[in-house]
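Here is input.cif, consisting of mmCIF, C-alpha atoms and all ligand atoms:
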data_target
#
loop_
_atom_site.label_atom_id
_atom_site.label_comp_id
_atom_site.auth_asym_id
_atom_site.auth_seq_id
_atom_site.Cartn_x
_atom_site.Cartn_y
_atom_site.Cartn_z
CA MET B 1367 -30.53 175.87 -93.54
CA THR B 1368 -28.29 178.27 -91.63
CA THR B 1369 -28.30 181.74 -92.99
CA GLU B 1370 -25.25 184.00 -93.15
CA ASN B 1371 -26.60 186.06 -90.23
CA ALA B 1372 -27.16 182.97 -88.09
CA SER B 1373 -23.78 181.51 -88.95
CA ILE B 1374 -21.84 184.68 -88.08
CA LYS B 1375 -23.88 185.07 -84.87
CA GLU B 1376 -23.17 181.50 -83.81
CA ARG B 1377 -19.43 181.84 -84.45
CA ALA B 1378 -19.23 185.24 -82.72
CA ASP B 1379 -21.19 184.16 -79.66
CA ASN B 1380 -18.52 181.52 -79.00
CA PHE B 1381 -15.84 184.13 -78.57
CA PHE B 1382 -16.94 187.55 -77.45
CA VAL B 1383 -17.33 188.49 -73.81
CA GLY B 1384 -20.95 189.22 -73.16
CA THR B 1385 -20.81 193.03 -72.88
CA TYR B 1386 -23.41 193.46 -75.61
CA ALA B 1387 -26.80 191.90 -76.26
CA ARG B 1388 -26.56 192.23 -80.03
CA TYR B 1389 -29.45 192.22 -82.48
CA PRO B 1390 -29.48 189.04 -84.58
CA ALA B 1391 -28.02 190.62 -87.70
CA ALA B 1392 -24.48 190.67 -89.08
CA MET B 1393 -24.05 193.84 -91.10
CA VAL B 1394 -22.04 193.45 -94.26
CA LYS B 1395 -22.53 196.66 -96.21
CA GLY B 1396 -23.46 200.29 -95.70
CA GLU B 1397 -24.43 203.04 -98.09
CA GLY B 1398 -25.89 206.40 -97.11
CA CYS B 1399 -28.66 205.83 -94.56
CA PHE B 1400 -28.92 202.10 -95.33
CA LEU B 1401 -27.25 198.96 -94.03
CA THR B 1402 -27.46 195.46 -95.50
CA ASP B 1403 -27.09 192.30 -93.43
CA GLY B 1404 -25.62 188.91 -94.31
CA ASP B 1405 -28.95 187.64 -95.57
CA GLY B 1406 -29.45 190.59 -97.89
CA ARG B 1407 -31.99 192.41 -95.71
CA LYS B 1408 -31.88 196.19 -95.87
CA TYR B 1409 -32.20 198.46 -92.85
CA LEU B 1410 -32.91 202.17 -92.68
CA ASP B 1411 -30.39 203.37 -90.12
CA PHE B 1412 -31.57 206.04 -87.64
CA LEU B 1413 -28.78 205.13 -85.20
CA SER B 1414 -25.71 205.78 -87.41
CA GLY B 1415 -23.46 203.49 -85.39
CA ILE B 1416 -24.50 205.50 -82.30
CA ALA B 1417 -24.27 209.02 -83.74
CA VAL B 1418 -21.00 208.27 -85.54
CA CYS B 1419 -21.61 207.96 -89.30
CA SER B 1420 -22.98 211.46 -89.72
CA LEU B 1421 -22.28 211.64 -93.44
CA GLY B 1422 -23.96 208.27 -93.92
CA HIS B 1423 -22.20 204.95 -94.41
CA CYS B 1424 -19.19 204.86 -96.71
CA HIS B 1425 -19.42 208.48 -97.83
CA PRO B 1426 -17.40 208.58 -101.09
CA LYS B 1427 -15.20 211.51 -100.02
CA VAL B 1428 -14.30 209.85 -96.71
CA THR B 1429 -13.71 206.50 -98.40
CA GLU B 1430 -11.42 208.18 -100.93
CA ALA B 1431 -9.46 209.91 -98.16
CA ILE B 1432 -9.06 206.65 -96.22
CA GLN B 1433 -7.95 204.72 -99.29
CA SER B 1434 -5.39 207.22 -100.48
CA GLN B 1435 -3.95 207.80 -97.00
CA ALA B 1436 -3.80 204.04 -96.33
CA ALA B 1437 -1.68 203.66 -99.46
CA GLU B 1438 0.76 206.38 -98.28
CA LEU B 1439 1.27 206.01 -94.54
CA VAL B 1440 -0.79 204.31 -91.84
CA HIS B 1441 0.99 204.85 -88.55
CA VAL B 1442 4.18 206.33 -87.10
CA SER B 1443 3.26 207.18 -83.45
CA ASN B 1444 3.42 210.65 -81.93
CA LEU B 1445 7.22 210.70 -81.93
CA TYR B 1446 7.02 212.24 -85.42
CA TYR B 1447 4.90 214.82 -87.21
CA THR B 1448 2.33 213.93 -89.85
CA GLU B 1449 0.40 216.13 -92.23
CA PRO B 1450 -3.16 214.71 -91.84
CA MET B 1451 -3.20 215.25 -88.07
CA THR B 1452 -1.77 218.76 -88.57
CA ARG B 1453 -4.43 219.62 -91.16
CA LEU B 1454 -7.15 218.28 -88.84
CA ALA B 1455 -5.90 220.51 -86.01
CA GLU B 1456 -5.88 223.54 -88.32
CA ILE B 1457 -9.51 222.96 -89.31
CA LEU B 1458 -10.70 222.34 -85.73
CA VAL B 1459 -8.91 225.43 -84.41
CA ALA B 1460 -10.19 227.61 -87.27
CA ASN B 1461 -13.76 226.58 -86.45
CA SER B 1462 -13.83 226.59 -82.64
CA PHE B 1463 -12.74 228.54 -79.56
CA ALA B 1464 -9.73 226.24 -79.22
CA GLU B 1465 -6.05 226.95 -79.81
CA LYS B 1466 -4.52 223.60 -78.85
CA ILE B 1467 -5.48 219.96 -79.40
CA PHE B 1468 -4.64 216.55 -77.98
CA MET B 1469 -5.50 213.61 -80.23
CA ALA B 1470 -6.91 210.34 -78.88
CA ASN B 1471 -8.81 207.34 -80.26
CA SER B 1472 -12.19 207.39 -78.53
CA GLY B 1473 -14.54 209.50 -76.49
CA ALA B 1474 -13.48 208.07 -73.16
CA GLU B 1475 -9.85 208.76 -73.99
CA ALA B 1476 -10.63 212.35 -74.94
CA ASN B 1477 -12.40 212.78 -71.59
CA GLU B 1478 -9.51 211.12 -69.73
CA ALA B 1479 -7.21 213.72 -71.29
CA ALA B 1480 -9.59 216.50 -70.21
CA ILE B 1481 -9.77 215.18 -66.64
CA LYS B 1482 -5.99 214.86 -66.36
CA LEU B 1483 -5.47 218.32 -67.85
CA ALA B 1484 -7.99 219.93 -65.49
CA ARG B 1485 -6.28 218.34 -62.48
CA ILE B 1486 -2.69 219.16 -63.41
CA HIS B 1487 -3.67 222.69 -64.43
CA ALA B 1488 -5.37 223.36 -61.10
CA GLY B 1489 -2.41 222.11 -59.08
CA GLU B 1490 -2.06 220.02 -55.96
CA GLY B 1491 -5.11 219.53 -53.76
CA ARG B 1492 -7.56 220.71 -56.40
CA TYR B 1493 -8.74 217.54 -58.06
CA GLU B 1494 -12.52 217.36 -57.72
CA ILE B 1495 -14.64 217.43 -60.84
CA ILE B 1496 -18.37 217.97 -60.67
CA SER B 1497 -20.50 216.41 -63.39
CA LEU B 1498 -24.26 215.92 -63.63
CA LEU B 1499 -26.61 213.14 -62.65
CA GLY B 1500 -27.81 211.34 -65.76
CA SER B 1501 -24.60 212.11 -67.66
CA PHE B 1502 -22.49 209.71 -69.69
CA HIS B 1503 -18.76 210.27 -70.10
CA GLY B 1504 -17.32 206.84 -70.91
CA ARG B 1505 -16.44 203.40 -69.56
CA THR B 1506 -12.82 203.75 -68.41
CA LEU B 1507 -12.53 204.01 -64.63
CA ALA B 1508 -12.14 207.80 -64.45
CA THR B 1509 -14.80 208.54 -67.05
CA LEU B 1510 -17.07 205.99 -65.37
CA ALA B 1511 -16.53 207.85 -62.11
CA ALA B 1512 -17.53 211.06 -63.90
CA THR B 1513 -20.62 209.38 -65.36
CA GLY B 1514 -23.59 210.33 -63.19
CA GLN B 1515 -25.45 207.02 -63.42
CA PRO B 1516 -24.85 204.77 -60.39
CA LYS B 1517 -26.00 201.66 -62.32
CA PHE B 1518 -22.78 201.84 -64.37
CA HIS B 1519 -20.62 201.94 -61.21
CA LYS B 1520 -22.03 198.79 -59.63
CA GLY B 1521 -19.49 196.03 -59.18
CA PHE B 1522 -16.49 198.17 -60.13
CA GLU B 1523 -15.78 199.66 -56.73
CA PRO B 1524 -13.56 201.23 -55.56
CA ILE B 1525 -14.44 203.93 -58.08
CA PRO B 1526 -11.67 206.57 -58.53
CA GLN B 1527 -12.13 209.45 -56.11
CA GLY B 1528 -12.73 213.10 -56.79
CA PHE B 1529 -15.95 212.94 -58.80
CA LEU B 1530 -19.20 214.50 -57.59
CA HIS B 1531 -22.58 214.54 -59.30
CA ALA B 1532 -24.96 217.46 -59.17
CA PRO B 1533 -28.69 217.15 -59.86
CA PHE B 1534 -29.61 217.86 -63.49
CA GLY B 1535 -30.28 221.52 -64.24
CA ASP B 1536 -30.04 222.77 -60.63
CA LEU B 1537 -27.48 225.59 -60.37
CA GLN B 1538 -27.88 226.20 -56.64
CA ALA B 1539 -27.24 222.57 -55.79
CA LEU B 1540 -24.20 222.62 -58.07
CA GLU B 1541 -22.72 225.71 -56.42
CA LYS B 1542 -23.14 224.13 -52.97
CA MET B 1543 -20.86 221.28 -54.09
CA VAL B 1544 -17.98 223.60 -55.04
CA THR B 1545 -15.14 223.55 -52.49
CA ASP B 1546 -11.46 224.57 -52.50
CA ARG B 1547 -10.77 221.09 -53.88
CA THR B 1548 -12.88 221.63 -57.02
CA CYS B 1549 -11.00 222.10 -60.31
CA ALA B 1550 -13.65 221.73 -63.01
CA ILE B 1551 -17.26 221.25 -64.01
CA LEU B 1552 -17.83 218.67 -66.73
CA CYS B 1553 -21.07 218.45 -68.68
CA GLU B 1554 -22.70 217.56 -71.98
CA PRO B 1555 -24.62 220.53 -73.44
CA LEU B 1556 -27.37 217.96 -74.09
CA GLN B 1557 -27.34 214.54 -72.42
CA GLY B 1558 -27.35 211.91 -75.17
CA GLU B 1559 -27.12 208.49 -73.52
CA GLY B 1560 -28.99 209.87 -70.51
CA GLY B 1561 -32.15 210.22 -72.61
CA VAL B 1562 -31.76 213.24 -74.95
CA ARG B 1563 -32.09 215.70 -72.09
CA VAL B 1564 -31.49 219.32 -73.10
CA LEU B 1565 -29.80 221.73 -70.70
CA GLN B 1566 -31.27 225.21 -70.93
CA ARG B 1567 -29.15 228.09 -72.20
CA GLU B 1568 -29.61 229.89 -68.84
CA TYR B 1569 -28.25 226.86 -67.01
CA LEU B 1570 -25.18 226.62 -69.24
CA GLN B 1571 -24.59 230.36 -68.81
CA GLY B 1572 -25.01 229.84 -65.07
CA ILE B 1573 -22.31 227.19 -64.88
CA ARG B 1574 -20.00 229.40 -66.96
CA ASP B 1575 -20.52 232.19 -64.39
CA LEU B 1576 -19.95 229.73 -61.54
CA CYS B 1577 -16.69 228.57 -63.11
CA ASP B 1578 -15.50 232.16 -63.56
CA LYS B 1579 -16.49 233.09 -60.00
CA HIS B 1580 -14.65 230.14 -58.43
CA GLY B 1581 -11.74 229.81 -60.87
CA LEU B 1582 -12.88 226.46 -62.27
CA LEU B 1583 -12.49 225.06 -65.76
CA LEU B 1584 -15.64 224.40 -67.75
CA ILE B 1585 -15.38 221.17 -69.77
CA PHE B 1586 -18.02 220.45 -72.41
CA ASP B 1587 -18.26 216.83 -73.46
CA GLU B 1588 -19.42 217.26 -77.08
CA ILE B 1589 -18.56 213.70 -78.01
CA GLN B 1590 -22.17 213.09 -79.06
CA THR B 1591 -23.46 216.64 -79.63
CA GLY B 1592 -20.47 217.94 -81.62
CA LEU B 1593 -19.75 217.92 -85.35
CA GLY B 1594 -23.06 219.17 -86.69
CA ARG B 1595 -25.31 216.80 -84.75
CA THR B 1596 -27.35 219.61 -83.19
CA GLY B 1597 -27.41 221.79 -86.31
CA THR B 1598 -24.35 223.90 -85.49
CA LEU B 1599 -20.79 222.58 -85.65
CA PHE B 1600 -20.75 222.43 -81.83
CA ALA B 1601 -23.84 222.44 -79.63
CA HIS B 1602 -22.46 225.05 -77.22
CA GLU B 1603 -22.45 227.66 -80.00
CA GLN B 1604 -26.24 227.88 -79.62
CA SER B 1605 -25.97 228.81 -75.95
CA GLY B 1606 -23.35 231.50 -76.45
CA VAL B 1607 -21.29 229.80 -73.73
CA THR B 1608 -17.66 228.96 -74.46
CA PRO B 1609 -15.98 226.16 -72.50
CA ASP B 1610 -12.32 226.00 -71.49
CA ILE B 1611 -11.99 222.43 -72.70
CA MET B 1612 -14.11 220.49 -75.20
CA THR B 1613 -13.99 216.82 -76.08
CA LEU B 1614 -14.98 215.29 -79.43
CA ALA B 1615 -15.09 211.79 -80.83
CA LYS B 1616 -18.14 210.02 -82.31
CA GLY B 1617 -18.90 211.93 -85.52
CA LEU B 1618 -15.37 213.27 -86.06
CA ALA B 1619 -14.09 210.77 -88.65
CA ASN B 1620 -17.44 209.34 -89.86
CA GLY B 1621 -16.68 205.91 -88.41
CA LEU B 1622 -12.94 205.60 -87.91
CA PRO B 1623 -11.91 205.51 -84.24
CA ILE B 1624 -10.75 208.95 -83.14
CA GLY B 1625 -11.04 211.36 -80.22
CA ALA B 1626 -9.86 214.89 -79.57
CA MET B 1627 -9.50 217.22 -76.61
CA LEU B 1628 -9.50 220.91 -77.47
CA THR B 1629 -8.46 223.77 -75.22
CA THR B 1630 -6.74 227.16 -75.01
CA ASN B 1631 -3.02 227.98 -75.11
CA THR B 1632 -2.92 228.90 -71.43
CA ILE B 1633 -4.54 225.71 -70.17
CA ALA B 1634 -2.71 223.50 -72.66
CA ALA B 1635 0.61 224.77 -71.26
CA SER B 1636 0.05 222.51 -68.22
CA PHE B 1637 0.66 219.44 -70.40
CA ILE B 1638 4.37 219.02 -71.21
CA PRO B 1639 6.35 216.07 -72.64
CA GLY B 1640 5.70 213.09 -70.40
CA THR B 1641 2.45 214.23 -68.76
CA HIS B 1642 0.14 212.45 -71.19
CA GLY B 1643 0.28 210.47 -74.40
CA SER B 1644 -1.24 208.03 -76.87
CA THR B 1645 0.39 205.56 -79.25
CA PHE B 1646 -2.32 205.77 -81.89
CA GLY B 1647 -3.76 209.24 -81.22
CA GLY B 1648 -3.96 211.35 -84.39
CA ASN B 1649 -3.33 208.29 -86.57
CA PRO B 1650 -2.88 209.46 -90.21
CA VAL B 1651 -5.73 207.37 -91.63
CA ALA B 1652 -8.22 208.39 -88.94
CA SER B 1653 -7.09 212.02 -89.27
CA ALA B 1654 -7.45 211.96 -93.06
CA ALA B 1655 -10.99 210.61 -92.62
CA ALA B 1656 -11.73 213.40 -90.13
CA VAL B 1657 -10.39 216.08 -92.48
CA ALA B 1658 -12.61 214.75 -95.29
CA THR B 1659 -15.60 214.59 -92.92
CA LEU B 1660 -15.12 218.16 -91.70
CA ASN B 1661 -14.63 219.45 -95.23
CA VAL B 1662 -18.09 218.13 -96.14
CA MET B 1663 -19.72 219.43 -92.94
CA LEU B 1664 -18.24 222.89 -93.47
CA GLU B 1665 -19.55 223.18 -97.04
CA ASP B 1666 -22.15 225.88 -97.55
CA GLY B 1667 -25.64 224.67 -96.72
CA PHE B 1668 -24.71 221.47 -94.87
CA LEU B 1669 -25.60 222.66 -91.36
CA GLU B 1670 -28.65 224.53 -92.69
CA GLY B 1671 -29.75 221.19 -94.13
CA VAL B 1672 -29.44 219.55 -90.73
CA ARG B 1673 -31.61 222.28 -89.19
CA ALA B 1674 -34.23 221.99 -91.94
CA GLN B 1675 -34.52 218.20 -91.54
CA SER B 1676 -34.64 218.68 -87.79
CA THR B 1677 -37.64 220.99 -88.05
CA TYR B 1678 -39.48 218.54 -90.29
CA PHE B 1679 -38.60 215.44 -88.23
CA THR B 1680 -39.51 217.18 -84.95
CA GLU B 1681 -42.94 218.16 -86.33
CA GLU B 1682 -43.61 214.64 -87.56
CA LEU B 1683 -42.59 213.13 -84.21
CA GLN B 1684 -44.77 215.66 -82.41
CA LYS B 1685 -47.75 214.61 -84.56
CA MET B 1686 -47.01 211.01 -83.56
CA ALA B 1687 -46.95 212.00 -79.90
CA ASP B 1688 -50.32 213.75 -80.35
CA ARG B 1689 -51.70 210.62 -81.99
CA TYR B 1690 -50.45 208.17 -79.34
CA PRO B 1691 -50.63 210.12 -76.04
CA ALA B 1692 -50.81 206.89 -74.04
CA LEU B 1693 -47.30 205.98 -75.19
CA LEU B 1694 -45.60 209.27 -76.09
CA SER B 1695 -45.62 212.49 -74.09
CA GLY B 1696 -43.64 214.73 -76.46
CA VAL B 1697 -40.44 215.32 -78.39
CA ARG B 1698 -37.15 216.79 -77.27
CA GLY B 1699 -33.63 217.28 -78.50
CA SER B 1700 -31.85 219.46 -80.98
CA GLY B 1701 -30.83 219.14 -84.62
CA LEU B 1702 -30.77 215.47 -85.50
CA ILE B 1703 -30.49 214.09 -81.99
CA LEU B 1704 -34.15 213.73 -81.16
CA GLY B 1705 -36.02 211.77 -78.53
CA ALA B 1706 -39.67 210.76 -78.55
CA VAL B 1707 -40.39 210.88 -74.83
CA LEU B 1708 -42.17 207.79 -73.55
CA THR B 1709 -44.92 207.83 -70.94
CA GLU B 1710 -44.72 205.31 -68.10
CA ALA B 1711 -46.71 202.84 -70.21
CA GLY B 1712 -44.38 203.57 -73.11
CA ILE B 1713 -41.24 203.01 -71.04
CA ALA B 1714 -42.55 199.58 -70.06
CA ILE B 1715 -42.56 198.56 -73.73
CA GLY B 1716 -39.65 200.73 -74.96
CA THR B 1717 -37.50 197.70 -75.74
CA ASP B 1718 -40.40 195.98 -77.51
CA ILE B 1719 -40.98 199.03 -79.71
CA VAL B 1720 -37.30 199.12 -80.73
CA ASN B 1721 -37.32 195.35 -81.40
CA ARG B 1722 -40.42 195.63 -83.58
CA MET B 1723 -38.80 198.48 -85.51
CA PHE B 1724 -35.72 196.29 -86.01
CA GLU B 1725 -37.90 193.48 -87.36
CA LYS B 1726 -39.36 195.97 -89.82
CA GLY B 1727 -35.87 197.01 -90.91
CA LEU B 1728 -35.51 200.28 -88.97
CA LEU B 1729 -32.61 200.91 -86.61
CA MET B 1730 -32.94 203.21 -83.58
CA ASN B 1731 -32.61 202.76 -79.81
CA PHE B 1732 -34.13 203.28 -76.38
CA ALA B 1733 -31.96 205.80 -74.51
CA GLY B 1734 -31.72 206.34 -70.77
CA ASN B 1735 -34.79 204.16 -70.26
CA LEU B 1736 -36.74 207.32 -71.15
CA VAL B 1737 -36.91 208.05 -74.87
CA LEU B 1738 -36.93 206.51 -78.32
CA ARG B 1739 -33.73 208.07 -79.62
CA PHE B 1740 -33.16 209.02 -83.25
CA VAL B 1741 -29.67 209.98 -84.42
CA PRO B 1742 -29.84 209.45 -88.21
CA PRO B 1743 -27.02 210.36 -90.57
CA LEU B 1744 -27.07 214.15 -91.00
CA ILE B 1745 -27.63 213.61 -94.74
CA VAL B 1746 -31.00 211.96 -94.08
CA THR B 1747 -33.71 212.89 -96.63
CA LYS B 1748 -37.35 213.83 -96.11
CA GLU B 1749 -38.36 210.53 -97.78
CA GLU B 1750 -36.24 208.58 -95.29
CA ILE B 1751 -37.79 210.48 -92.38
CA ASP B 1752 -41.23 209.69 -93.82
CA ALA B 1753 -40.33 205.99 -94.02
CA LEU B 1754 -39.26 206.00 -90.36
CA ILE B 1755 -42.43 207.81 -89.31
CA THR B 1756 -44.68 205.41 -91.25
CA ALA B 1757 -43.04 202.37 -89.66
CA LEU B 1758 -43.18 203.94 -86.19
CA ALA B 1759 -46.88 204.68 -86.60
CA GLU B 1760 -47.52 201.04 -87.57
CA VAL B 1761 -45.54 199.74 -84.60
CA LEU B 1762 -47.17 202.11 -82.09
CA ALA B 1763 -50.59 201.09 -83.43
CA GLU B 1764 -49.77 197.47 -82.61
CA PHE B 1765 -49.32 198.28 -78.91
C1 LIG T 1 -20.21 207.89 -76.48
C2 LIG T 1 -19.89 208.93 -75.46
C3 LIG T 1 -18.71 208.86 -74.70
C4 LIG T 1 -17.77 207.69 -74.78
O1 LIG T 1 -17.18 207.53 -76.03
P1 LIG T 1 -16.42 206.15 -76.38
O2 LIG T 1 -15.85 206.42 -77.75
O3 LIG T 1 -17.43 205.06 -76.35
O4 LIG T 1 -15.36 205.97 -75.35
C5 LIG T 1 -18.46 209.90 -73.83
N1 LIG T 1 -19.29 210.94 -73.70
C6 LIG T 1 -20.42 211.05 -74.42
C7 LIG T 1 -21.29 212.24 -74.26
C8 LIG T 1 -20.77 210.03 -75.31
O5 LIG T 1 -21.92 210.12 -76.00
#
Output the file's structure as structure tokens, nothing else.
Ligand SMILES: *Cc1c(COP(=O)(O)O)cnc(C)c1O
Amino acid sequence: MTTENASIKERADNFFVGTYARYPAAMVKGEGCFLTDGDGRKYLDFLSGIAVCSLGHCHPKVTEAIQSQAAELVHVSNLYYTEPMTRLAEILVANSFAEKIFMANSGAEANEAAIKLARIHAGEGRYEIISLLGSFHGRTLATLAATGQPKFHKGFEPIPQGFLHAPFGDLQALEKMVTDRTCAILCEPLQGEGGVRVLQREYLQGIRDLCDKHGLLLIFDEIQTGLGRTGTLFAHEQSGVTPDIMTLAKGLANGLPIGAMLTTNTIAASFIPGTHGSTFGGNPVASAAAVATLNVMLEDGFLEGVRAQSTYFTEELQKMADRYPALLSGVRGSGLILGAVLTEAGIAIGTDIVNRMFEKGLLMNFAGNLVLRFVPPLIVTKEEIDALITALAEVLAEF
């Protein structure tokens, strides 16, 4: 007998280009921290659609906002004004350093906007952008060029020019790469895809100083770290360092495709009609979902809740690392983007651990070939963390 999962998998495998090695489950329903597949199996989701569904699946307030906006107006393009996108901009500006916003539909598009803005703002001949080794900035050609992981570049040469990669966390090496062609430094305050690697506050302050000294723009890619993920609305708030440009996407609309580039009035003035654009950017339905998402995140106690769960989850993961030192060497991360760092022996079976967790109904992933990454919905409960920890202990004991 073919099950619903198997039937959907078989049909899909006929058609989709092979960019993903999917798990053998077709998800049909989501609620809070749980997903249900076509065969009725339930999963506890510590991946959240890759750090996207921060309020959990199908949060009632977001669903309500999507439904009522979809019944009013779905799309008009950026040739006209709409209220949801305007409201979204007001909330983002009121809660960040930014004064101006460009709306896009994904993280890579938000970064493309940032790269183009940094270049046009700097003027002719100043086009180089320095990012970090181990970074991830997207899959379009320019954002791929900015991504500091050579494995992603292979086969796509020639890669767009003007992107340099500095060693992780090394300020001196970074400064040596600055020339009169440099226009910006681009970095994630904490590398997500690269393996939950935290950049120290002193380092972030150091690159801010470097940018000021050499007249460069500082671009923070907060596509993964933004919107409450690290326990503050934006991760950079914890370092006291303010960027000139910030990009957002993943958690912004709790699952609808959206991206945003935020900057100051002065820098934004370099974009004028015709310099950049997007047909769908700021789409009313996606914007309404983002407004509803932000309204929940900005309620009293929400971010404190993220920090409290983070403390508990970090302690539990640390206990696990103490218990299985042959496989885990420690815990790192911030808020609810946490990585259990694998030892060499652990890395060798990282994929097996994640597969076993999947078989037990727990979703998570193996990031940067370095850590078991946990990015649960920010509404995760202590009981759900306990369930994850129990399953992880059972799986680690098997190895
Ligand atoms: C996911 C991610 C991107 C790319 O976002 P897409 O929406 O997949 O284009 C860029 N930067 C960071 C830090 C990310 O985590």
Where does chain B meet ligand LIG 1 (chain T) within 8 Å, residue by residue, with the nearest atom pair and distance in Å to one decimal for each, counting all atoms listed in the file, listed by chain and rising number, as a Markdown table?
| residue | atom | partner | partner_atom | distance |
| --- | --- | --- | --- | --- |
| B:Ile1416 | CA | T:LIG1 | C1 | 7.6 |
| B:Asn1471 | CA | T:LIG1 | O2 | 7.5 |
| B:Ser1472 | CA | T:LIG1 | O2 | 3.9 |
| B:Gly1473 | CA | T:LIG1 | O1 | 3.3 |
| B:Ala1474 | CA | T:LIG1 | O4 | 3.6 |
| B:Glu1475 | CA | T:LIG1 | O4 | 6.3 |
| B:Ala1476 | CA | T:LIG1 | O4 | 8.0 |
| B:Asn1477 | CA | T:LIG1 | C5 | 7.1 |
| B:Ser1501 | CA | T:LIG1 | C7 | 7.4 |
| B:Phe1502 | CA | T:LIG1 | N1 | 5.3 |
| B:His1503 | CA | T:LIG1 | N1 | 3.7 |
| B:Gly1504 | CA | T:LIG1 | C4 | 4.0 |
| B:Arg1505 | CA | T:LIG1 | O4 | 6.4 |
| B:Thr1506 | CA | T:LIG1 | O4 | 7.7 |
| B:Thr1509 | CA | T:LIG1 | C5 | 7.8 |
| B:Glu1554 | CA | T:LIG1 | C7 | 6.0 |
| B:Gln1557 | CA | T:LIG1 | C7 | 6.7 |
| B:Gly1558 | CA | T:LIG1 | O5 | 5.8 |
| B:Glu1559 | CA | T:LIG1 | O5 | 6.0 |
| B:Asp1587 | CA | T:LIG1 | C7 | 5.6 |
| B:Glu1588 | CA | T:LIG1 | C7 | 6.1 |
| B:Ile1589 | CA | T:LIG1 | C6 | 4.8 |
| B:Gln1590 | CA | T:LIG1 | O5 | 4.3 |
| B:Thr1591 | CA | T:LIG1 | C7 | 7.3 |
| B:Ala1615 | CA | T:LIG1 | O2 | 6.2 |
| B:Lys1616 | CA | T:LIG1 | O2 | 6.2 |
| B:Pro1623 | CA | T:LIG1 | O2 | 7.6 |
| B:Ile1624 | CA | T:LIG1 | O2 | 7.8 |
| B:Gly1625 | CA | T:LIG1 | O2 | 7.3 |
| field | Residues within 6 Å of Asp1411 of chain B, only C-alpha atoms, excluding chain neighbours under 3 positions, as a ChimeraX atom specification | value | /B:1399-1400,1414,1729
Need to verify the contact set: Gly1594 of chain B, 8 Å, all atoms listed in the file, exclusion of same-chain residues closer than 3 positions in sequence. Can you return it as a tab-separated table (two decimals) with C-alpha atoms, in the frame of the given file?
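Listed below is the output, selection14.tsv:
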chain	number	residue	atom	x	y	z
B	1591	THR	CA	-23.46	216.64	-79.63
B	1597	GLY	CA	-27.41	221.79	-86.31
B	1598	THR	CA	-24.35	223.90	-85.49
B	1599	LEU	CA	-20.79	222.58	-85.65
B	1600	PHE	CA	-20.75	222.43	-81.83
B	1601	ALA	CA	-23.84	222.44	-79.63
B	1663	MET	CA	-19.72	219.43	-92.94
B	1669	LEU	CA	-25.60	222.66	-91.36
B	1672	VAL	CA	-29.44	219.55	-90.73
B	1744	LEU	CA	-27.07	214.15	-91.00
| request: Determine, counting all atoms listed in the file, which protein, DNA and RNA residues have an atom within 10 Å of an atom of Thr1513 of chain B; residues of the same chain fewer than 3 positions away are not included. Present the result as a ChimeraX atom specification. | output: /B:1497-1505,1507-1510,1516-1519,1529-1531,1552-1553,1560
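Each of B:Asp1403, B:Glu1750, B:Asp1718, B:Asp1610 was checked against Phe1765 of chain B using all atoms listed in the file; the smallest atom-to-atom distance is that of B:Asp1718.
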| task | Using all atoms listed in the file, pick whichever of B:Pro1524, B:Asn1620, B:Ala1392, B:Ile1551 has the shortest atom-to-atom distance to Ala1372 of chain B. | result |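 Nearest candidate to Ala1372 of chain B out of B:Pro1524, B:Asn1620, B:Ala1392, B:Ile1551: B:Ala1392.
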| request: Tell me which protein, DNA and RNA residues are within 12 Å of Ala1464 of chain B, counting only C-alpha atoms, leaving out same-chain ones fewer than 5 positions away, and put them as number ranges by chain. | output: B: 1455-1459, 1600, 1608-1613, 1626-1634
| message | Given all atoms listed in the file as the basis, pick out the residue of B:Thr1452, B:Asn1649, B:Thr1548, B:Asn1371 nearest to Tyr1389 of chain B. | response | B:Asn1371
| Counting only C-alpha atoms, which of B:Ala1674, B:Ala1488, B:Ala1470, B:Ala1687 gets nearest to Val1746 of chain B? | B:Ala1674
Please return the centre and edge lengths, in Å to one decimal, of a box with edges along x, y and z that contains all listed atoms of segment 1456-1460 of chain B, widened by 6 Å on every side, as JSON.
{"center_x": -8.3, "center_y": 225.0, "center_z": -86.9, "size_x": 16.8, "size_y": 17.3, "size_z": 16.9}
| task | Go through B:Asn1444, B:Lys1408, B:Ser1700, B:Phe1646 one by one, measure the shortest atom-to-atom distance of each to Gln1566 of chain B using only C-alpha atoms, and give the residue with the smallest value. | result |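 Closest residue, counting only C-alpha atoms: B:Ser1700.
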| task | Quick one: everything within 12 Å of Glu1749 of chain B, counting all atoms listed in the file, minus sequence neighbours fewer than 3 positions away in the same chain. Send it as a list in words. | result |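 Once the adjacent positions are removed, what remains is Cys1399, Leu1410, Gln1675, Tyr1678, Phe1679, Ile1745, Val1746, Asp1752, Ala1753, Leu1754, Ile1755 and Thr1756 of chain B.
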| Quick one, how far is atom CA of His1602 of chain B from atom CA of Ala1460 of chain B? | 16.1 Å
| message | Between B:Leu1537, B:His1580, B:Leu1618, B:Tyr1409, which residue has the minimum interatomic distance to Ser1653 of chain B, considering only C-alpha atoms? | response | B:Leu1618
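Our summary of the geometry notes that atom CA of Gly1671 of chain B is positioned 15.7 Å from atom CA of Thr1659 of chain B.
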| message | Between atom CA of Met1686 of chain B and atom CA of Pro1743 of chain B, what is the distance in Å, rounded to a tenth? | response |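 Going from atom CA of Met1686 of chain B over to atom CA of Pro1743 of chain B, I get 21.2 Å.
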